[in-house]
Amino acid sequence: MSPRRPVALACSVIGAGVVALDGTVLTIAQPVLQRDLGADTGQVQWTSTGYLVAVASLLVFAGRLGDRYGHRRLFVIGCLGFAGASAGIAAAPGIGWVVALRVLQGVAGALLQPATLGMLRAVYPPDRLGMPVAVRTSVIGLAAAAGPLIGGALVDAYGWRAVFLLGVPPTLAIALLCLAVPYEEAAPGRRSQEARLKRGTPPPAAPVGPSRPVLAALRALDLPGAALLGLALAALVQGLVHGPAAGALPALAVAATAGIAFVRHERRVPEPLVPPGMLRRGPVAAGLGALLAVSAALSGTLFTATYLFQDTLGLGPLPTALRMVPLALLMIVGAPVSAVLAKRYGARRTATTGAGLLAAGVLLLARPEVTGSALATGGCAALIGAGFGAVMVTATSVVVHRAAEAHAGVAGGLQQTAMNTGPVLGVALASVLLPSGTALPALAAAAALAVPAALALPGAARAAGEPAGDAGEPAGHASGAATTGSAAAPNVRS
């Protein structure tokens, strides 16, 4: 077997796993970090907010960079930056340094996350993409389950700085592996030229003047569009994280204004950041909607359950974590099963069933007689984990493989944006409704919103590997691009 697929899969799995592990262990380390550095609660909150804002604002643009300059290159840069920032945080002398380096870590995470999906899209044909995505999902579930235990042990034994060193060795190792076993990636310019020739479309006229290559490169990246989208997402995350606190409403207003400006800008430019055909295609938009809904429901439920078990039932942190273990186990085991089911019965049935299981698990968890029983709570957690894993595997596979290979990075960036924005939405909703006791029913309703989105995914007849291009490309071209790519060249945030 060519080394391209094992290397791409290893990079995708380890990259996504390290990012997921980093998020879970940080939560454990924050109280000790606060005491050790003499920081206040607001400063410590920015160790998470700064990272989220940086990641959310750059994911789609990072995907565009990967499409333009190669996903492997962006992955290596992201890994080295992530490892360097992590090591810097471990040696940081004060909270200001920690926050600044967490922002830098977010920038690096934004570079590597879309590449973990873009590399898979480049080397796996569409009908074989489900299982690699499932393996990636299983590792994310494993990281989410093991993170609190590993983080707690490290903090107890060596202090909070040790948790930031945890991801440095694997991140450096996978970056070196990616460099040591390179594989061919078709030059983006050549891919675009070949696509135009197949469609019979002449290449666009180049601007006249000595700066022609620079202007063409800048136009292809759509920097104004990237800035508007980044501002909209960063302001949205900032507003949602702070909820009804002062400054939240202005941030949300900025997000809305920048979002409207981004849409208007994208309609006017010749090479938009997000190809117009990508989101007009039903399956891609439906997959993103399903991912946004289930990630919001999952994160909001975990946030609510923590307070429910500890404050209402009086359980300690360890018993609380043990009640949620079935969630991670079913996510780990269920992801590969979901890939098999999606190939046999179609993404539509698999994702719809998964969304239903997730909504039912959250709704049952709201019943007092359920939360009072460890066995019943574990059953609800199992439903939630199985349902979330099924939707994540099937919807991610659809989003990635139904976008043309030339835009796989943008598709991966959109998928990662949904998976990073959804948890912020879910926790914000849970925070507002927690005092009234209606958080879990509302989160079950959020999970149910994934059902209509899942119904728009491909059925069994179209799930067997019929890829469709975007940006106006015919399906035949997309299929050819996938075949060429496989012959020639992964909140919880992954």
# chains A, B, ... in the order shown; residues from 1 in each chain; ligands from 1
$ residues_around --residues "region 260-276 of chain A" --least-positions-apart "2" --cutoff "6 Å" --atoms "only C-alpha atoms" --output "PyMOL selection string"
chain A and resi 220+222+225+228+257-258+278+471
$ select_by_dssp --residues "region 6-231 of chain A" --states "helix (DSSP H, G or I)" --output "ChimeraX atom specification"
/A:6-37,41-69,71-90,95-123,126-128,130-158,161-165,168-180,188-199,212-221,223-231
$ atom_distance --atom1 "CA of Thr394 (chain A)" --atom2 "CA of Met419 (chain A)"
13.9 Å
$ residues_around --residues "Ala10 (chain A)" --least-positions-apart "3" --cutoff "12 Å" --atoms "only C-alpha atoms" --output "ChimeraX atom specification"
/A:3-7,13-18,116-117,119-120,132-133,135-136,139,170-171,173-178,181,490
$ write_last_selection --atoms "N, CA, C and O atoms" --output "CSV table (one decimal), in the first residue's frame"
chain,number,residue,atom,x,y,z
A,3,PRO,N,2.3,4.8,0.9
A,3,PRO,CA,2.3,5.4,2.3
A,3,PRO,C,1.4,6.6,2.4
A,3,PRO,O,1.2,7.2,3.5
A,4,ARG,N,0.8,7.1,1.3
A,4,ARG,CA,0.0,8.3,1.4
A,4,ARG,C,-1.2,8.1,2.3
A,4,ARG,O,-1.5,9.0,3.1
A,5,ARG,N,-1.9,7.1,2.2
A,5,ARG,CA,-3.2,6.9,3.0
A,5,ARG,C,-2.8,6.7,4.5
A,5,ARG,O,-3.4,7.4,5.4
A,6,PRO,N,-1.9,5.8,4.9
A,6,PRO,CA,-1.6,5.7,6.3
A,6,PRO,C,-1.1,7.0,6.9
A,6,PRO,O,-1.4,7.3,8.1
A,7,VAL,N,-0.2,7.7,6.2
A,7,VAL,CA,0.3,8.9,6.7
A,7,VAL,C,-0.8,10.0,6.9
A,7,VAL,O,-0.9,10.6,7.9
A,13,VAL,N,-5.8,11.7,12.5
A,13,VAL,CA,-6.3,11.1,13.8
A,13,VAL,C,-5.5,11.8,14.9
A,13,VAL,O,-6.1,12.2,15.9
A,14,ILE,N,-4.2,11.8,14.8
A,14,ILE,CA,-3.4,12.4,15.9
A,14,ILE,C,-3.6,13.9,16.1
A,14,ILE,O,-3.7,14.4,17.2
A,15,GLY,N,-3.7,14.6,15.0
A,15,GLY,CA,-3.9,16.0,15.0
A,15,GLY,C,-5.2,16.3,15.7
A,15,GLY,O,-5.3,17.2,16.6
A,16,ALA,N,-6.3,15.7,15.3
A,16,ALA,CA,-7.6,15.9,15.9
A,16,ALA,C,-7.6,15.5,17.3
A,16,ALA,O,-8.2,16.1,18.2
A,17,GLY,N,-7.0,14.4,17.7
A,17,GLY,CA,-6.9,13.9,19.0
A,17,GLY,C,-6.2,14.8,20.0
A,17,GLY,O,-6.6,15.0,21.1
A,18,VAL,N,-5.1,15.4,19.5
A,18,VAL,CA,-4.3,16.3,20.4
A,18,VAL,C,-5.1,17.5,20.7
A,18,VAL,O,-5.1,18.0,21.8
A,116,THR,N,-6.6,18.3,8.5
A,116,THR,CA,-6.8,16.9,8.9
A,116,THR,C,-7.9,16.3,8.1
A,116,THR,O,-7.9,15.1,7.8
A,117,LEU,N,-8.9,17.1,7.6
A,117,LEU,CA,-9.9,16.5,6.7
A,117,LEU,C,-9.5,16.7,5.3
A,117,LEU,O,-9.8,15.8,4.4
A,119,MET,N,-6.6,16.4,3.9
A,119,MET,CA,-5.6,15.4,3.5
A,119,MET,C,-6.4,14.1,3.3
A,119,MET,O,-6.0,13.3,2.4
A,120,LEU,N,-7.4,13.8,4.1
A,120,LEU,CA,-8.2,12.6,3.9
A,120,LEU,C,-8.9,12.6,2.6
A,120,LEU,O,-9.0,11.7,1.8
A,132,PRO,N,-12.3,6.2,7.6
A,132,PRO,CA,-11.3,7.1,8.1
A,132,PRO,C,-11.9,8.2,9.0
A,132,PRO,O,-11.3,8.5,10.1
A,133,VAL,N,-13.0,8.8,8.6
A,133,VAL,CA,-13.7,9.8,9.4
A,133,VAL,C,-14.1,9.2,10.7
A,133,VAL,O,-14.1,9.8,11.8
A,135,VAL,N,-12.8,6.6,12.3
A,135,VAL,CA,-11.6,6.4,13.2
A,135,VAL,C,-11.2,7.7,13.9
A,135,VAL,O,-10.9,7.7,15.1
A,136,ARG,N,-11.3,8.8,13.1
A,136,ARG,CA,-11.0,10.1,13.6
A,136,ARG,C,-11.9,10.5,14.7
A,136,ARG,O,-11.6,11.0,15.8
A,139,VAL,N,-11.2,8.5,18.0
A,139,VAL,CA,-10.1,9.0,18.7
A,139,VAL,C,-10.5,10.3,19.4
A,139,VAL,O,-10.0,10.6,20.6
A,170,PRO,N,3.6,14.2,20.8
A,170,PRO,CA,2.8,13.6,19.6
A,170,PRO,C,2.7,14.6,18.5
A,170,PRO,O,2.7,14.2,17.3
A,171,THR,N,2.5,15.9,18.8
A,171,THR,CA,2.4,16.9,17.7
A,171,THR,C,3.6,17.0,16.9
A,171,THR,O,3.6,17.1,15.7
A,173,ALA,N,6.0,14.7,16.7
A,173,ALA,CA,6.3,13.5,16.0
A,173,ALA,C,5.5,13.3,14.7
A,173,ALA,O,6.0,12.9,13.7
A,174,ILE,N,4.2,13.7,14.8
A,174,ILE,CA,3.4,13.6,13.6
A,174,ILE,C,3.8,14.6,12.5
A,174,ILE,O,3.7,14.3,11.3
A,175,ALA,N,4.2,15.8,12.9
A,175,ALA,CA,4.7,16.8,12.0
A,175,ALA,C,6.0,16.2,11.3
A,175,ALA,O,6.1,16.3,10.0
A,176,LEU,N,6.9,15.6,12.0
A,176,LEU,CA,8.1,15.0,11.4
A,176,LEU,C,7.8,13.9,10.5
A,176,LEU,O,8.4,13.7,9.5
A,177,LEU,N,6.8,13.0,10.9
A,177,LEU,CA,6.4,11.9,10.1
A,177,LEU,C,5.8,12.5,8.7
A,177,LEU,O,6.1,11.9,7.7
A,178,CYS,N,5.0,13.5,8.8
A,178,CYS,CA,4.4,14.1,7.6
A,178,CYS,C,5.5,14.6,6.7
A,178,CYS,O,5.4,14.6,5.5
A,181,VAL,N,7.7,11.4,5.2
A,181,VAL,CA,7.0,10.6,4.2
A,181,VAL,C,6.1,11.5,3.4
A,181,VAL,O,4.9,11.4,3.5
A,490,PRO,N,-8.9,16.2,12.2
A,490,PRO,CA,-9.7,15.6,13.0
A,490,PRO,C,-8.4,16.0,12.8
A,490,PRO,O,-8.7,14.7,13.0
$ residues_around --residues "Thr396 (chain A)" --least-positions-apart "4" --cutoff "7 Å" --atoms "only C-alpha atoms" --output "list in words"
Gly287, Met392, Val400 and Gln415 of chain A
$ residues_around --residues "Ser397 (chain A)" --least-positions-apart "5" --cutoff "12 Å" --atoms "only C-alpha atoms" --output "PyMOL selection string"
chain A and resi 117-118+120-121+124-137+283-284+287-288+291+335+338-339+342-343+346-348+351+390-392+402-403+408+411-412+415+457-458+463-465+467+490
$ atom_distance --atom1 "CA of Pro317 (chain A)" --atom2 "CA of Phe303 (chain A)"
12.9 Å
$ closest_atom_pairs --of "region 303-324 of chain A" --to "region 359-378 of chain A" --cutoff "10 Å" --atoms "only C-alpha atoms" --output "CSV"
residue,atom,partner,partner_atom,distance
A:Thr304,CA,A:Ala366,CA,9.9
A:Ala305,CA,A:Leu365,CA,8.5
A:Leu308,CA,A:Thr371,CA,8.5
A:Phe309,CA,A:Thr371,CA,7.8
A:Leu313,CA,A:Gly372,CA,7.6
A:Pro319,CA,A:Ala374,CA,9.3
A:Thr320,CA,A:Ala374,CA,9.6
A:Leu322,CA,A:Gly378,CA,8.6
A:Arg323,CA,A:Gly378,CA,5.5
A:Met324,CA,A:Gly378,CA,6.5
$ closest_residue --among "A:Ile95, A:Ala162, A:Val294, A:Ala20" --to "Gln34 (chain A)" --atoms "only C-alpha atoms"
A:Ile95
